[in-house]
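A quick write-up on the structure given underneath.
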Amino acid sequence: MNLITELVIANRILANEDVVDAYGHVSVRNPEAPEHFFLAHSRSPALVEAGDIVEHHARRAAAQARPAAAVPRALHPRGDLRGRPEVMAVVHAHAEDVLPFTITRAPLRPVIHSGAFIGAEVPVWDIAERFGDRTNLLVTDMAQGRDLAKRLGGNSVALMRGHGFAAAARSLIDVVRLSVYLPRNARVQFKAMQIGELKPLSAGEIQARAAGTGYKPQSPETQRAWQYWAQRAGCGDLLES
């Protein structure tokens, strides 16, 4: 399966799993040209097809570029995530279940085994801290995108105040899996907070999950999830492309 087809499937999965709606996007770095990445043009993720995918240069706007490309452009290029060459794919979404954690002091933590993928720390990026209270809360230029990338740092996810989240991972499958389980983890944590004191996953438990061979992109366990989500999204036929 080629990378463009995988990106189409990723868009469809994220839409079907209610991670993205009419807005939000997923992008992937071109492995043959590290400063280039693929991103669908301005179309709802559930409707994305191969012909909608545009290749962008991370350091300059392509002719088809738009402000939404500022998030992946900031998170992909080597100049902004120095020391993180493993980052190959990025998701930006507005999943409702994470939003309460973007506007309160309660930190989002991994509390279920599948939530381990979000990492031990989930920082919150507040655009107003550097750019004041006259923005529309969207990342519309590279200065804002770079500031978000700085806040993400070495973490897998950064929440965006009153907006959503940005996630970065080593492959499309990894970033999709992380983004699917992030809202689920948030739902469980929110419900647990109504009951009593939380017991998040420990550092050792998070590391053990990350080290498991069953969570590598091409492992049978990971492919099982990818196939399941693709079938649910109605694009299982693309798995054979």
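In the structure tokens, chains take letters A, B, ... by order of appearance, with residues numbered from 1 within each chain and ligands from 1 in the order shown.
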Backbone-only DSSP, helix (DSSP H, G or I) members of segment 3-202 of chain A, as a count of residues only: 82
Those of segment 72-170 of chain A in DSSP strand (DSSP E), formatted as a ChimeraX atom specification: /A:89-93,124-125,157-160,164-169
Export of prior selection with N, CA and C atoms as a PDB file, in the first residue's frame:
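Contents of again-v7.pdb, as written:
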ATOM      1  N   ALA A  89       4.376  11.683  11.367  1.00  0.00           N
ATOM      2  CA  ALA A  89       2.965  11.969  11.124  1.00  0.00           C
ATOM      3  C   ALA A  89       2.394  12.847  12.228  1.00  0.00           C
ATOM      4  N   VAL A  90       1.449  13.696  11.843  1.00  0.00           N
ATOM      5  CA  VAL A  90       0.858  14.678  12.761  1.00  0.00           C
ATOM      6  C   VAL A  90      -0.654  14.697  12.585  1.00  0.00           C
ATOM      7  N   VAL A  91      -1.362  14.778  13.692  1.00  0.00           N
ATOM      8  CA  VAL A  91      -2.816  14.969  13.674  1.00  0.00           C
ATOM      9  C   VAL A  91      -3.149  16.249  14.428  1.00  0.00           C
ATOM     10  N   HIS A  92      -4.053  17.025  13.860  1.00  0.00           N
ATOM     11  CA  HIS A  92      -4.629  18.166  14.582  1.00  0.00           C
ATOM     12  C   HIS A  92      -6.139  17.987  14.556  1.00  0.00           C
ATOM     13  N   ALA A  93      -6.765  17.997  15.726  1.00  0.00           N
ATOM     14  CA  ALA A  93      -8.199  17.730  15.803  1.00  0.00           C
ATOM     15  C   ALA A  93      -8.823  18.487  16.957  1.00  0.00           C
ATOM     16  N   VAL A 124      -0.405  21.779  27.945  1.00  0.00           N
ATOM     17  CA  VAL A 124      -1.441  22.617  27.330  1.00  0.00           C
ATOM     18  C   VAL A 124      -0.780  23.856  26.752  1.00  0.00           C
ATOM     19  N   TRP A 125      -1.057  24.130  25.492  1.00  0.00           N
ATOM     20  CA  TRP A 125      -0.546  25.319  24.815  1.00  0.00           C
ATOM     21  C   TRP A 125      -1.644  26.376  24.789  1.00  0.00           C
ATOM     22  N   VAL A 157       1.651  14.503  22.650  1.00  0.00           N
ATOM     23  CA  VAL A 157       0.443  15.306  22.464  1.00  0.00           C
ATOM     24  C   VAL A 157       0.577  16.630  23.192  1.00  0.00           C
ATOM     25  N   ALA A 158       0.048  17.672  22.589  1.00  0.00           N
ATOM     26  CA  ALA A 158      -0.134  18.946  23.277  1.00  0.00           C
ATOM     27  C   ALA A 158      -1.588  19.363  23.081  1.00  0.00           C
ATOM     28  N   LEU A 159      -2.246  19.721  24.176  1.00  0.00           N
ATOM     29  CA  LEU A 159      -3.596  20.256  24.084  1.00  0.00           C
ATOM     30  C   LEU A 159      -3.511  21.737  23.733  1.00  0.00           C
ATOM     31  N   MET A 160      -4.543  22.244  23.103  1.00  0.00           N
ATOM     32  CA  MET A 160      -4.585  23.644  22.671  1.00  0.00           C
ATOM     33  C   MET A 160      -5.797  24.302  23.332  1.00  0.00           C
ATOM     34  N   GLY A 164      -8.355  22.262  20.810  1.00  0.00           N
ATOM     35  CA  GLY A 164      -8.242  20.846  20.499  1.00  0.00           C
ATOM     36  C   GLY A 164      -6.888  20.307  20.888  1.00  0.00           C
ATOM     37  N   PHE A 165      -6.250  19.570  19.977  1.00  0.00           N
ATOM     38  CA  PHE A 165      -4.944  19.007  20.291  1.00  0.00           C
ATOM     39  C   PHE A 165      -4.117  18.835  19.027  1.00  0.00           C
ATOM     40  N   ALA A 166      -2.817  18.708  19.222  1.00  0.00           N
ATOM     41  CA  ALA A 166      -1.885  18.326  18.165  1.00  0.00           C
ATOM     42  C   ALA A 166      -1.117  17.121  18.668  1.00  0.00           C
ATOM     43  N   ALA A 167      -0.986  16.109  17.821  1.00  0.00           N
ATOM     44  CA  ALA A 167      -0.282  14.881  18.185  1.00  0.00           C
ATOM     45  C   ALA A 167       0.766  14.566  17.131  1.00  0.00           C
ATOM     46  N   ALA A 168       1.893  14.030  17.571  1.00  0.00           N
ATOM     47  CA  ALA A 168       2.985  13.678  16.659  1.00  0.00           C
ATOM     48  C   ALA A 168       3.460  12.270  16.977  1.00  0.00           C
ATOM     49  N   ALA A 169       3.791  11.504  15.921  1.00  0.00           N
ATOM     50  CA  ALA A 169       4.222  10.126  16.128  1.00  0.00           C
ATOM     51  C   ALA A 169       5.124   9.676  14.994  1.00  0.00           C
TER      52      ALA A 169
END
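Counting only C-alpha atoms and comparing A:Ser27, A:Gln218, A:Gln194, A:Gln189, the residue that lies closest to Leu108 of chain A is A:Gln189.
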Nearest to Asn185 of chain A, chosen from A:Val87, A:Ile118, A:Ala230, A:Ala208, with only C-alpha atoms counted in the distances: A:Ile118
For segment 94-97 of chain A, work out the shell of residues within 8 Å, counting only C-alpha atoms and skipping chain neighbours fewer than 6 positions away, then give it as an MDAnalysis selection string. chainID A and resid 18:21 23:24 163:165 183:184 186:187
In Å, rounded to a single decimal, give me how far atom CA of Val175 of chain A is from atom CA of Gly204 of chain A. 21.6 Å
Students should find that atom CA of Asn30 of chain A and atom CA of Val176 of chain A are spaced 17.0 Å
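Residue nearest Glu205 of chain A within the list A:Val98, A:Ala116, A:Val188, A:Ala233: A:Ala116 [criterion: smallest interatomic distance, only C-alpha atoms].
Distances from A:Arg177, A:Arg84, A:Arg170, A:Arg29 to Gly154 of chain A were compared using only C-alpha atoms, and the smallest one belongs to A:Arg84.
Candidate residues A:Ile173, A:Leu152, A:Val28, A:Ala120 were compared for distance to Ile4 of chain A, and the nearest is A:Val28, using only C-alpha atoms.
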Min atom-atom distance to Phe190 of chain A from the set A:Phe101, A:Gly153, A:Pro31, A:His56, counting only C-alpha atoms, belongs to A:Phe101
